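Have a look at target-v1.cif; it's mmCIF, C-alpha atoms:
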```
data_work
#
loop_
_atom_site.group_PDB
_atom_site.id
_atom_site.type_symbol
_atom_site.label_atom_id
_atom_site.label_comp_id
_atom_site.auth_asym_id
_atom_site.auth_seq_id
_atom_site.Cartn_x
_atom_site.Cartn_y
_atom_site.Cartn_z
ATOM 1 C CA MET A 10 65.356 27.802 -179.893
ATOM 2 C CA ARG A 11 67.987 26.569 -177.470
ATOM 3 C CA THR A 12 71.487 28.019 -177.284
ATOM 4 C CA GLY A 13 73.911 25.952 -179.364
ATOM 5 C CA LYS A 14 77.670 26.089 -179.945
ATOM 6 C CA TYR A 15 77.578 28.972 -182.430
ATOM 7 C CA CYS A 16 75.374 31.031 -180.137
ATOM 8 C CA ARG A 17 77.577 30.445 -177.087
ATOM 9 C CA GLU A 18 80.601 31.819 -178.908
ATOM 10 C CA CYS A 19 78.669 34.804 -180.226
ATOM 11 C CA LEU A 20 77.199 35.596 -176.803
ATOM 12 C CA PHE A 21 80.608 35.541 -175.172
ATOM 13 C CA ARG A 22 82.107 37.833 -177.825
ATOM 14 C CA SER A 23 79.283 40.322 -177.334
ATOM 15 C CA GLU A 24 79.916 40.377 -173.568
ATOM 16 C CA GLU A 25 83.639 40.915 -174.197
ATOM 17 C CA ARG A 26 82.802 43.925 -176.375
ATOM 18 C CA LYS A 27 80.486 45.238 -173.692
ATOM 19 C CA VAL A 28 83.289 45.546 -171.131
ATOM 20 C CA GLU A 29 86.116 46.642 -173.440
ATOM 21 C CA GLN A 30 86.069 50.194 -172.090
ATOM 22 C CA GLU A 31 85.728 49.250 -168.425
ATOM 23 C CA GLN A 32 88.779 50.327 -166.401
ATOM 24 C CA ASN A 33 88.545 47.915 -163.471
ATOM 25 C CA GLU A 34 90.372 44.854 -164.779
ATOM 26 C CA GLU A 35 89.511 42.763 -161.732
ATOM 27 C CA LYS A 36 85.781 43.360 -162.122
ATOM 28 C CA LYS A 37 86.014 42.832 -165.857
ATOM 29 C CA GLN A 38 87.707 39.456 -165.472
ATOM 30 C CA LEU A 39 85.273 38.349 -162.778
ATOM 31 C CA PHE A 40 82.326 39.281 -164.980
ATOM 32 C CA LEU A 41 83.701 37.396 -167.996
ATOM 33 C CA ASP A 42 84.525 34.364 -165.846
ATOM 34 C CA GLN A 43 80.917 34.284 -164.640
ATOM 35 C CA VAL A 44 79.606 34.590 -168.199
ATOM 36 C CA ARG A 45 81.944 31.819 -169.310
ATOM 37 C CA ALA A 46 80.763 29.595 -166.452
ATOM 38 C CA VAL A 47 77.124 29.923 -167.555
ATOM 39 C CA LEU A 48 77.946 29.191 -171.190
ATOM 40 C CA ARG A 49 80.127 26.214 -170.242
ATOM 41 C CA ASP A 50 77.040 24.305 -169.084
ATOM 42 C CA GLU A 51 76.511 21.423 -171.516
ATOM 43 C CA ASP A 52 72.724 21.655 -171.343
ATOM 44 C CA LEU A 53 71.626 25.239 -171.977
ATOM 45 C CA GLU A 54 67.834 25.232 -171.854
ATOM 46 C CA LEU A 55 67.127 28.864 -172.692
ATOM 47 C CA SER A 56 67.296 30.816 -175.946
ATOM 48 C CA PRO A 57 70.221 33.198 -176.633
ATOM 49 C CA PRO A 58 68.171 36.358 -175.884
ATOM 50 C CA GLU A 59 67.196 34.969 -172.475
ATOM 51 C CA TYR A 60 70.851 34.413 -171.597
ATOM 52 C CA LEU A 61 71.652 37.893 -172.891
ATOM 53 C CA ALA A 62 69.114 39.285 -170.401
ATOM 54 C CA GLU A 63 70.806 37.344 -167.583
ATOM 55 C CA PHE A 64 74.191 38.732 -168.609
ATOM 56 C CA THR A 65 72.806 42.277 -168.656
ATOM 57 C CA GLU A 66 71.673 41.864 -165.037
ATOM 58 C CA LEU A 67 75.074 40.398 -164.152
ATOM 59 C CA TYR A 68 76.832 43.317 -165.852
ATOM 60 C CA GLU A 69 74.798 45.854 -163.900
ATOM 61 C CA ARG A 70 75.624 44.149 -160.604
ATOM 62 C CA HIS A 71 79.304 44.692 -161.383
ATOM 63 C CA PHE A 72 79.330 47.988 -163.260
ATOM 64 C CA GLY A 73 76.012 49.758 -162.649
ATOM 65 C CA GLU A 74 73.198 50.606 -165.040
ATOM 66 C CA GLN A 75 74.015 49.982 -168.680
ATOM 67 C CA THR A 76 73.604 53.274 -170.539
ATOM 68 C CA ALA A 77 76.312 53.062 -173.220
ATOM 69 C CA PHE A 78 73.767 52.349 -175.946
ATOM 70 C CA ASP A 79 71.520 55.347 -175.164
ATOM 71 C CA PRO A 80 73.354 57.874 -177.389
ATOM 72 C CA LEU A 81 73.614 55.316 -180.194
ATOM 73 C CA LYS A 82 69.893 54.614 -180.056
ATOM 74 C CA LYS A 83 69.017 58.285 -180.318
ATOM 75 C CA HIS A 84 71.530 58.708 -183.148
ATOM 76 C CA PHE A 85 70.125 55.894 -185.257
ATOM 77 C CA ASN A 86 66.530 56.906 -184.601
ATOM 78 C CA GLU A 87 67.386 60.393 -185.853
ATOM 79 C CA LEU A 88 69.413 59.051 -188.788
ATOM 80 C CA MET A 89 66.571 56.839 -189.987
ATOM 81 C CA LEU A 90 64.025 59.633 -189.549
ATOM 82 C CA LYS A 91 66.155 61.688 -191.946
ATOM 83 C CA LYS A 92 66.147 58.795 -194.418
ATOM 84 C CA GLU A 93 62.403 58.227 -194.035
ATOM 85 C CA PRO A 94 61.250 60.621 -196.834
ATOM 86 C CA GLU A 95 63.525 58.927 -199.387
ATOM 87 C CA ILE A 96 62.498 55.449 -198.201
ATOM 88 C CA ARG A 97 58.850 56.441 -198.462
ATOM 89 C CA ARG A 98 59.348 57.965 -201.929
ATOM 90 C CA ARG A 99 60.906 54.760 -203.256
ATOM 91 C CA ILE A 100 58.150 52.645 -201.745
ATOM 92 C CA GLU A 101 55.367 54.741 -203.203
ATOM 93 C CA ALA A 102 57.035 54.792 -206.647
ATOM 94 C CA SER A 103 57.433 50.998 -206.758
ATOM 95 C CA GLU A 104 55.123 48.528 -208.513
ATOM 96 C CA ASP A 105 54.340 46.770 -205.229
ATOM 97 C CA PRO A 106 54.635 49.173 -202.259
ATOM 98 C CA VAL A 107 54.002 46.450 -199.646
ATOM 99 C CA ALA A 108 56.792 44.237 -201.008
ATOM 100 C CA THR A 109 59.163 47.205 -201.187
ATOM 101 C CA ALA A 110 58.256 48.238 -197.637
ATOM 102 C CA ILE A 111 58.922 44.701 -196.403
ATOM 103 C CA ARG A 112 62.381 44.786 -198.005
ATOM 104 C CA ALA A 113 63.116 48.122 -196.354
ATOM 105 C CA ALA A 114 61.978 46.745 -192.980
ATOM 106 C CA GLN A 115 64.218 43.720 -193.444
ATOM 107 C CA ALA A 116 67.157 45.959 -194.302
ATOM 108 C CA GLY A 117 66.602 48.062 -191.184
ATOM 109 C CA ASN A 118 67.429 44.971 -189.129
ATOM 110 C CA TYR A 119 71.093 45.701 -189.943
ATOM 111 C CA ILE A 120 71.162 48.271 -187.115
ATOM 112 C CA ASP A 121 72.380 45.865 -184.438
ATOM 113 C CA TYR A 122 75.499 46.445 -182.340
ATOM 114 C CA ILE A 123 75.029 43.225 -180.383
ATOM 115 C CA ALA A 124 75.166 40.931 -183.397
ATOM 116 C CA LEU A 125 77.551 42.959 -185.574
ATOM 117 C CA GLY A 126 79.771 44.892 -183.189
ATOM 118 C CA GLU A 127 79.488 47.999 -185.366
ATOM 119 C CA VAL A 128 77.099 49.450 -187.939
ATOM 120 C CA ASP A 129 78.568 50.696 -191.221
ATOM 121 C CA GLY A 130 76.656 53.628 -192.693
ATOM 122 C CA ASP A 131 77.497 52.743 -196.313
ATOM 123 C CA GLN A 132 76.389 49.143 -195.797
ATOM 124 C CA LEU A 133 73.128 50.344 -194.243
ATOM 125 C CA GLU A 134 72.497 52.607 -197.230
ATOM 126 C CA GLN A 135 73.151 49.777 -199.678
ATOM 127 C CA LEU A 136 70.854 47.366 -197.857
ATOM 128 C CA LEU A 137 68.040 49.899 -197.589
ATOM 129 C CA PHE A 138 68.008 50.710 -201.272
ATOM 130 C CA GLN A 139 68.733 47.364 -202.884
ATOM 131 C CA ASN A 140 65.943 45.051 -203.981
ATOM 132 C CA GLY A 141 66.526 42.068 -201.717
ATOM 133 C CA GLU A 142 64.606 39.676 -204.005
ATOM 134 C CA LYS A 143 66.191 36.585 -202.446
ATOM 135 C CA GLY A 144 64.488 37.371 -199.150
ATOM 136 C CA LEU A 145 60.936 37.561 -200.469
ATOM 137 C CA LYS A 146 59.832 34.129 -201.655
ATOM 138 C CA PRO A 147 56.610 34.354 -203.703
ATOM 139 C CA GLU A 148 54.827 31.578 -201.804
ATOM 140 C CA VAL A 149 55.490 33.202 -198.415
ATOM 141 C CA TYR A 150 54.576 36.670 -199.679
ATOM 142 C CA ASP A 151 51.338 35.391 -201.260
ATOM 143 C CA SER A 152 50.420 33.653 -197.998
ATOM 144 C CA PHE A 153 51.120 36.884 -196.106
ATOM 145 C CA ARG A 154 48.866 38.920 -198.380
ATOM 146 C CA THR A 155 46.111 36.305 -198.155
ATOM 147 C CA ASP A 156 46.295 36.287 -194.355
ATOM 148 C CA LEU A 157 46.166 40.086 -194.285
ATOM 149 C CA SER A 158 43.027 40.168 -196.414
ATOM 150 C CA SER A 159 41.054 38.297 -193.745
ATOM 151 C CA ALA A 160 42.870 39.489 -190.603
ATOM 152 C CA GLU A 161 41.327 41.770 -187.999
ATOM 153 C CA ASN A 162 44.187 41.941 -185.476
ATOM 154 C CA LEU A 163 47.862 42.249 -186.352
ATOM 155 C CA VAL A 164 50.640 42.301 -183.742
ATOM 156 C CA TYR A 165 53.943 43.796 -184.895
ATOM 157 C CA ILE A 166 56.872 42.844 -182.632
ATOM 158 C CA THR A 167 59.804 45.211 -183.059
ATOM 159 C CA ASP A 168 63.516 44.666 -182.642
ATOM 160 C CA ASN A 169 66.097 47.464 -182.796
ATOM 161 C CA CYS A 170 66.342 51.233 -182.576
ATOM 162 C CA GLY A 171 66.450 53.036 -185.933
ATOM 163 C CA GLU A 172 64.922 49.963 -187.527
ATOM 164 C CA ILE A 173 61.575 50.958 -186.022
ATOM 165 C CA VAL A 174 61.373 53.864 -188.475
ATOM 166 C CA VAL A 175 61.041 51.438 -191.399
ATOM 167 C CA ASP A 176 58.706 49.310 -189.277
ATOM 168 C CA LYS A 177 56.509 52.408 -188.998
ATOM 169 C CA VAL A 178 56.581 52.899 -192.767
ATOM 170 C CA LEU A 179 55.625 49.253 -193.375
ATOM 171 C CA ILE A 180 52.737 49.561 -190.920
ATOM 172 C CA GLN A 181 51.523 52.645 -192.781
ATOM 173 C CA GLU A 182 51.545 50.751 -196.093
ATOM 174 C CA LEU A 183 49.669 47.816 -194.588
ATOM 175 C CA LYS A 184 47.013 50.125 -193.146
ATOM 176 C CA LYS A 185 46.468 51.742 -196.545
ATOM 177 C CA LEU A 186 45.643 48.452 -198.238
ATOM 178 C CA TYR A 187 44.046 46.666 -195.283
ATOM 179 C CA PRO A 188 42.176 49.336 -193.305
ATOM 180 C CA GLN A 189 40.172 46.680 -191.466
ATOM 181 C CA VAL A 190 43.314 45.451 -189.654
ATOM 182 C CA ASN A 191 43.851 46.699 -186.099
ATOM 183 C CA VAL A 192 47.612 47.004 -185.473
ATOM 184 C CA THR A 193 49.331 46.741 -182.086
ATOM 185 C CA VAL A 194 53.075 47.259 -181.810
ATOM 186 C CA ILE A 195 55.086 45.571 -179.059
ATOM 187 C CA VAL A 196 58.453 46.949 -177.930
ATOM 188 C CA ARG A 197 60.766 45.796 -175.122
ATOM 189 C CA GLY A 198 59.536 46.433 -171.612
ATOM 190 C CA ALA A 199 62.753 48.147 -170.514
ATOM 191 C CA CYS A 200 66.069 49.235 -171.974
ATOM 192 C CA VAL A 201 68.198 46.386 -173.293
ATOM 193 C CA ALA A 202 71.234 47.043 -175.494
ATOM 194 C CA ASN A 203 70.176 48.643 -178.810
ATOM 195 C CA ASP A 204 66.649 47.198 -178.783
ATOM 196 C CA ALA A 205 63.659 49.490 -179.206
ATOM 197 C CA SER A 206 61.857 50.597 -176.049
ATOM 198 C CA MET A 207 58.817 52.820 -175.542
ATOM 199 C CA GLU A 208 61.107 55.856 -175.486
ATOM 200 C CA ASP A 209 62.400 54.960 -178.956
ATOM 201 C CA ALA A 210 58.883 54.343 -180.251
ATOM 202 C CA VAL A 211 57.817 57.809 -179.126
ATOM 203 C CA GLN A 212 60.930 59.410 -180.660
ATOM 204 C CA VAL A 213 60.123 58.047 -184.137
ATOM 205 C CA GLY A 214 56.355 58.633 -183.960
ATOM 206 C CA LEU A 215 55.149 55.038 -183.802
ATOM 207 C CA PRO A 216 52.266 55.804 -181.385
ATOM 208 C CA ASP A 217 50.807 58.053 -184.095
ATOM 209 C CA GLU A 218 50.317 54.999 -186.316
ATOM 210 C CA ALA A 219 49.303 52.238 -183.911
ATOM 211 C CA ARG A 220 48.838 51.307 -180.290
ATOM 212 C CA VAL A 221 52.251 50.620 -178.720
ATOM 213 C CA ILE A 222 52.880 48.571 -175.566
ATOM 214 C CA GLY A 223 55.946 47.221 -173.749
ATOM 215 C CA ASN A 224 56.326 43.471 -173.237
ATOM 216 C CA GLY A 225 57.376 43.762 -169.589
ATOM 217 C CA THR A 226 60.848 42.240 -169.983
ATOM 218 C CA ARG A 227 64.429 43.154 -170.870
ATOM 219 C CA ILE A 228 64.814 40.072 -173.045
ATOM 220 C CA ALA A 229 66.044 40.872 -176.576
ATOM 221 C CA GLY A 230 63.277 38.751 -178.020
ATOM 222 C CA THR A 231 59.798 37.540 -177.136
ATOM 223 C CA SER A 232 59.717 34.699 -174.623
ATOM 224 C CA LEU A 233 56.036 33.824 -174.239
ATOM 225 C CA ASN A 234 56.709 32.411 -170.767
ATOM 226 C CA ARG A 235 58.239 35.673 -169.528
ATOM 227 C CA ILE A 236 56.491 38.602 -171.202
ATOM 228 C CA ASN A 237 53.629 40.311 -169.398
ATOM 229 C CA ARG A 238 50.051 39.055 -169.571
ATOM 230 C CA GLU A 239 48.815 41.851 -171.839
ATOM 231 C CA ALA A 240 51.479 41.243 -174.487
ATOM 232 C CA LYS A 241 51.057 37.465 -174.330
ATOM 233 C CA GLU A 242 47.277 37.625 -174.733
ATOM 234 C CA LEU A 243 47.568 40.032 -177.667
ATOM 235 C CA ILE A 244 50.057 37.759 -179.407
ATOM 236 C CA GLU A 245 48.075 34.588 -178.813
ATOM 237 C CA ARG A 246 44.808 36.149 -180.015
ATOM 238 C CA ALA A 247 46.302 37.845 -183.082
ATOM 239 C CA ASP A 248 45.260 36.700 -186.539
ATOM 240 C CA LEU A 249 48.684 37.622 -187.822
ATOM 241 C CA ILE A 250 52.047 38.407 -186.196
ATOM 242 C CA ILE A 251 55.087 40.112 -187.712
ATOM 243 C CA ALA A 252 58.250 39.468 -185.684
ATOM 244 C CA LYS A 253 61.396 41.439 -186.504
ATOM 245 C CA GLY A 254 64.956 40.276 -185.983
ATOM 246 C CA GLN A 255 66.876 37.141 -185.129
ATOM 247 C CA GLY A 256 66.131 37.504 -181.406
ATOM 248 C CA ASN A 257 62.390 37.221 -181.991
ATOM 249 C CA TYR A 258 62.963 34.197 -184.212
ATOM 250 C CA GLU A 259 65.158 32.592 -181.538
ATOM 251 C CA THR A 260 62.475 33.014 -178.875
ATOM 252 C CA LEU A 261 59.283 32.444 -180.909
ATOM 253 C CA SER A 262 60.160 29.787 -183.492
ATOM 254 C CA GLY A 263 58.163 26.642 -182.850
ATOM 255 C CA CYS A 264 55.366 28.501 -181.057
ATOM 256 C CA GLY A 265 52.773 27.378 -183.626
ATOM 257 C CA LEU A 266 51.221 30.832 -184.010
ATOM 258 C CA ASN A 267 50.715 32.607 -187.334
ATOM 259 C CA VAL A 268 54.060 34.426 -187.309
ATOM 260 C CA TYR A 269 55.968 35.954 -190.195
ATOM 261 C CA TYR A 270 59.632 36.587 -189.359
ATOM 262 C CA LEU A 271 61.531 39.457 -191.004
ATOM 263 C CA PHE A 272 65.285 39.756 -190.464
ATOM 264 C CA LEU A 273 68.754 39.720 -191.985
ATOM 265 C CA CYS A 274 71.081 36.731 -191.609
ATOM 266 C CA LYS A 275 73.712 38.304 -189.358
ATOM 267 C CA CYS A 276 75.622 35.288 -188.070
ATOM 268 C CA ASP A 277 77.155 32.042 -189.325
ATOM 269 C CA TYR A 278 74.512 29.942 -187.601
ATOM 270 C CA PHE A 279 71.591 31.636 -189.377
ATOM 271 C CA VAL A 280 73.407 31.562 -192.734
ATOM 272 C CA LYS A 281 73.913 27.821 -192.314
ATOM 273 C CA ARG A 282 70.410 27.146 -190.945
ATOM 274 C CA PHE A 283 68.646 28.874 -193.834
ATOM 275 C CA GLU A 284 71.243 28.055 -196.517
ATOM 276 C CA GLY A 285 71.499 31.745 -197.280
ATOM 277 C CA GLU A 286 74.154 34.415 -197.496
ATOM 278 C CA TYR A 287 75.515 36.857 -194.942
ATOM 279 C CA LEU A 288 73.110 39.828 -194.596
ATOM 280 C CA GLN A 289 70.545 38.148 -196.842
ATOM 281 C CA HIS A 290 66.973 39.392 -196.389
ATOM 282 C CA MET A 291 64.744 36.739 -194.803
ATOM 283 C CA PHE A 292 60.936 36.459 -194.753
ATOM 284 C CA ILE A 293 59.817 33.212 -193.122
ATOM 285 C CA LYS A 294 56.427 31.878 -192.077
ATOM 286 C CA GLU A 295 56.111 29.895 -188.831
ATOM 287 C CA MET A 296 55.439 26.255 -189.595
#
```

Here is a file; write its structure as structure tokens.
Amino acid sequence: MRTGKYCRECLFRSEERKVEQEQNEEKKQLFLDQVRAVLRDEDLELSPPEYLAEFTELYERHFGEQTAFDPLKKHFNELMLKKEPEIRRRIEASEDPVATAIRAAQAGNYIDYIALGEVDGDQLEQLLFQNGEKGLKPEVYDSFRTDLSSAENLVYITDNCGEIVVDKVLIQELKKLYPQVNVTVIVRGACVANDASMEDAVQVGLPDEARVIGNGTRIAGTSLNRINREAKELIERADLIIAKGQGNYETLSGCGLNVYYLFLCKCDYFVKRFEGEYLQHMFIKEM
């Protein structure tokens, strides 16, 4: 997915937020001017997450290693681990644990400082424990369950910190019903904003449930042309792929693989594209 008008504006706002606390006004202005110059190009070939990765490198050339998100990532991993028993209890008590786990995993996609600017604890609680029926179309869900029944290899591509706790719970539910499925989880290859890295995966216990690998990049998505060979081969050979978050949709949509996208509509562009509502749960099959 190429970077359109809506995405340009959103990307620039996120870079403005990133440097709000920087004290050197000259460096700050130079950085924003350089970001603006990239986004001014009329023919942007790359997806938004690929430009975000470029801006992260540009930021670090001006201001040093980006570590502002590290405490937030640890906080939300810990917060969601505390919520995990209640999430699990509700899933296990439901009529369809897989469907309920999918809704919880969708809701976890709310933890995203890049797209939202801030994360409201009350809103997170509401999203986690509401039904989210609009985001689970029967035809897509039935196709998903059918694909799972014959799948041998599932690749689960994660998105954000904290969110990976509910990803872990969904993986556990899938393994209960489909024990023949071999699950591999892919996280980012290095730290990028609030996205989940190997460090986050270890913190929430994901390696106890499945094999976990990094994708070799700092892109907040999954660009098949840029990720490492191991991750690319696993994705291309998978019978079934679950891709979390808008960034993975932006980089993978149109790839032609058997991908199911789980996310929340967190921007005007996605609301308009899918004729949905703000923060609506989405579950979409690659066409």

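Around Glu127 (chain A), within 12 Å and counting only C-alpha atoms, the residues found are Ser23, Arg26, Phe78, Leu81, Tyr119, Ile120, Asp121, Tyr122, Ile123, Ala124, Leu125, Asp129, Gly130, Gln132, Leu133, Asn203 and Lys275 of chain A, once anything fewer than 2 positions away on its own chain is removed.
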
Any chance you could resolve the PyMOL selection byres ((chain A and resi 72) around 12) against this file and give the residues as a PyMOL selection string? chain A and resi 27-28+30-37+39-40+64-71+73-77

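Interatomic distance, CA of Tyr150 (chain A) against CA of Ile251 (chain A): 12.5 Å.
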
The PyMOL selection byres ((chain A and resi 183-194) around 9) on the file shown: which residues, as an NGL selection string? :A and (107 or 157-167 or 178-182 or 195-196 or 215-216 or 218-223 or 243)

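The coordinates place CA of Glu172 (chain A) at 18.4 Å from CA of Tyr287 (chain A).
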
List the neighbours of Glu295 (chain A) out to 8 Å using all atoms listed in the file; skip same-chain residues closer than 3 positions along the sequence, and give me the result as a PDB file with C-alpha atoms, in the coordinates of the input.
```pdb
ATOM      1  CA  SER A 262      60.160  29.787-183.492  1.00  0.00           C
ATOM      2  CA  GLY A 263      58.163  26.642-182.850  1.00  0.00           C
ATOM      3  CA  CYS A 264      55.366  28.501-181.057  1.00  0.00           C
ATOM      4  CA  GLY A 265      52.773  27.378-183.626  1.00  0.00           C
ATOM      5  CA  LEU A 266      51.221  30.832-184.010  1.00  0.00           C
ATOM      6  CA  ASN A 267      50.715  32.607-187.334  1.00  0.00           C
ATOM      7  CA  VAL A 268      54.060  34.426-187.309  1.00  0.00           C
ATOM      8  CA  TYR A 269      55.968  35.954-190.195  1.00  0.00           C
ATOM      9  CA  TYR A 270      59.632  36.587-189.359  1.00  0.00           C
TER      10      TYR A 270
END
```

Atomic separation - CA of Leu137 (chain A) relative to CA of Arg98 (chain A), Å: 12.6 Å

Dig up all the protein and nucleic acid residues within 7 Å of (65.1, 54.6, -175.0) in the file frame, using all atoms listed in the file, and format them as a PDB file with C-alpha atoms, in the coordinates of the input.
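What landed in point.pdb:
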```pdb
ATOM      1  CA  ASP A  79      71.520  55.347-175.164  1.00  0.00           C
ATOM      2  CA  LYS A  82      69.893  54.614-180.056  1.00  0.00           C
ATOM      3  CA  CYS A 200      66.069  49.235-171.974  1.00  0.00           C
ATOM      4  CA  ALA A 205      63.659  49.490-179.206  1.00  0.00           C
ATOM      5  CA  SER A 206      61.857  50.597-176.049  1.00  0.00           C
ATOM      6  CA  MET A 207      58.817  52.820-175.542  1.00  0.00           C
ATOM      7  CA  GLU A 208      61.107  55.856-175.486  1.00  0.00           C
ATOM      8  CA  ASP A 209      62.400  54.960-178.956  1.00  0.00           C
TER       9      ASP A 209
END
```

Write out as a list in words which residues come within 8 Å of Val213 (chain A) when counting all atoms listed in the file, dropping same-chain ones fewer than 6 positions away. Asn86, Glu87, Leu90, Ile173 and Val174 of chain A

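Residue nearest Ile111 (chain A), chosen from A:Phe153, A:Phe21, A:Tyr278, A:Tyr15 and counting only C-alpha atoms: A:Phe153.
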
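A search radius of 6 Å centred on (60.9, 39.5, -186.9), applied to only C-alpha atoms, returns the residues Ile251, Ala252, Lys253, Gly254, Asn257, Tyr270, Leu271 and Phe272 of chain A.
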
Once 6 Å is added on each side, what centre and edge lengths in Å to one decimal does the axis-aligned box around all listed atoms of region 62-73 of chain A have, as JSON?
```
{"center_x": 74.2, "center_y": 43.6, "center_z": -165.5, "size_x": 22.2, "size_y": 24.4, "size_z": 21.8}
```

How would you write, as a PyMOL selection string, the residues chosen by the PyMOL selection byres ((chain A and resi 237) around 10) on this structure? chain A and resi 198+223-226+232-236+238-242

I need the chosen residues saved as a compact mmCIF listing (two decimals), in the coordinates of the input, with C-alpha atoms.
```
# COMPACT_ATOMS: atom_id res chain seq x y z
CA GLY A 198 59.54 46.43 -171.61
CA GLY A 223 55.95 47.22 -173.75
CA ASN A 224 56.33 43.47 -173.24
CA GLY A 225 57.38 43.76 -169.59
CA THR A 226 60.85 42.24 -169.98
CA SER A 232 59.72 34.70 -174.62
CA LEU A 233 56.04 33.82 -174.24
CA ASN A 234 56.71 32.41 -170.77
CA ARG A 235 58.24 35.67 -169.53
CA ILE A 236 56.49 38.60 -171.20
CA ARG A 238 50.05 39.06 -169.57
CA GLU A 239 48.82 41.85 -171.84
CA ALA A 240 51.48 41.24 -174.49
CA LYS A 241 51.06 37.47 -174.33
CA GLU A 242 47.28 37.62 -174.73
```

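Minimum distance to Phe292 (chain A) across A:Asp42, A:Asp50, A:Glu18, A:Glu148 (counting all atoms listed in the file) occurs at A:Glu148.
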
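Minimum atom-to-atom distances from A:Met291, A:Cys170, A:Ala229, A:Ile244 to Pro80 (chain A) were compared using only C-alpha atoms, and the lowest value belongs to A:Cys170.
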
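Taking all atoms listed in the file, the non-local environment of Thr260 (chain A) within 7 Å (same-chain residues fewer than 4 positions away omitted) comprises A:Met10, A:Ser56, A:Gly230, A:Thr231, A:Ser232, A:Gly256.
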
Which residues come within 12 Å of Glu95 (chain A), counting all atoms listed in the file, excluding same-chain residues fewer than 4 positions away, as a ChimeraX atom specification? /A:89-91,99-102,113,134,137-138,175,178

Is there a way to complete region 185-189 of chain A with all heavy atoms and then write that out as a PDB file, keeping the file's coordinate frame?
```pdb
ATOM      1  N   LYS A 185      47.082  51.193-195.334  1.00  0.00           N
ATOM      2  CA  LYS A 185      46.468  51.742-196.545  1.00  0.00           C
ATOM      3  C   LYS A 185      45.677  50.684-197.298  1.00  0.00           C
ATOM      4  O   LYS A 185      44.552  50.927-197.762  1.00  0.00           O
ATOM      5  CB  LYS A 185      47.549  52.300-197.481  1.00  0.00           C
ATOM      6  CG  LYS A 185      48.190  53.591-197.039  1.00  0.00           C
ATOM      7  CD  LYS A 185      49.258  53.998-198.059  1.00  0.00           C
ATOM      8  CE  LYS A 185      50.072  55.181-197.586  1.00  0.00           C
ATOM      9  NZ  LYS A 185      51.159  55.510-198.549  1.00  0.00           N
ATOM     10  N   LEU A 186      46.263  49.508-197.447  1.00  0.00           N
ATOM     11  CA  LEU A 186      45.643  48.452-198.238  1.00  0.00           C
ATOM     12  C   LEU A 186      44.679  47.590-197.445  1.00  0.00           C
ATOM     13  O   LEU A 186      43.770  46.979-198.019  1.00  0.00           O
ATOM     14  CB  LEU A 186      46.723  47.567-198.866  1.00  0.00           C
ATOM     15  CG  LEU A 186      47.518  48.184-200.017  1.00  0.00           C
ATOM     16  CD1 LEU A 186      48.576  47.218-200.515  1.00  0.00           C
ATOM     17  CD2 LEU A 186      46.586  48.548-201.174  1.00  0.00           C
ATOM     18  N   TYR A 187      44.885  47.523-196.129  1.00  0.00           N
ATOM     19  CA  TYR A 187      44.046  46.666-195.283  1.00  0.00           C
ATOM     20  C   TYR A 187      43.528  47.483-194.100  1.00  0.00           C
ATOM     21  O   TYR A 187      43.922  47.259-192.952  1.00  0.00           O
ATOM     22  CB  TYR A 187      44.857  45.457-194.802  1.00  0.00           C
ATOM     23  CG  TYR A 187      45.462  44.659-195.935  1.00  0.00           C
ATOM     24  CD1 TYR A 187      46.779  44.868-196.328  1.00  0.00           C
ATOM     25  CD2 TYR A 187      44.695  43.727-196.632  1.00  0.00           C
ATOM     26  CE1 TYR A 187      47.331  44.155-197.382  1.00  0.00           C
ATOM     27  CE2 TYR A 187      45.238  42.997-197.689  1.00  0.00           C
ATOM     28  CZ  TYR A 187      46.558  43.226-198.055  1.00  0.00           C
ATOM     29  OH  TYR A 187      47.095  42.511-199.097  1.00  0.00           O
ATOM     30  N   PRO A 188      42.644  48.435-194.369  1.00  0.00           N
ATOM     31  CA  PRO A 188      42.176  49.336-193.305  1.00  0.00           C
ATOM     32  C   PRO A 188      41.392  48.638-192.204  1.00  0.00           C
ATOM     33  O   PRO A 188      41.195  49.198-191.128  1.00  0.00           O
ATOM     34  CB  PRO A 188      41.303  50.343-194.065  1.00  0.00           C
ATOM     35  CG  PRO A 188      40.897  49.631-195.316  1.00  0.00           C
ATOM     36  CD  PRO A 188      42.047  48.758-195.674  1.00  0.00           C
ATOM     37  N   GLN A 189      40.945  47.411-192.477  1.00  0.00           N
ATOM     38  CA  GLN A 189      40.172  46.680-191.466  1.00  0.00           C
ATOM     39  C   GLN A 189      41.070  46.090-190.370  1.00  0.00           C
ATOM     40  O   GLN A 189      40.583  45.651-189.324  1.00  0.00           O
ATOM     41  CB  GLN A 189      39.383  45.541-192.130  1.00  0.00           C
ATOM     42  CG  GLN A 189      40.112  44.204-192.300  1.00  0.00           C
ATOM     43  CD  GLN A 189      41.135  44.179-193.431  1.00  0.00           C
ATOM     44  OE1 GLN A 189      41.290  45.158-194.155  1.00  0.00           O
ATOM     45  NE2 GLN A 189      41.828  43.057-193.594  1.00  0.00           N
TER      46      GLN A 189
END
```
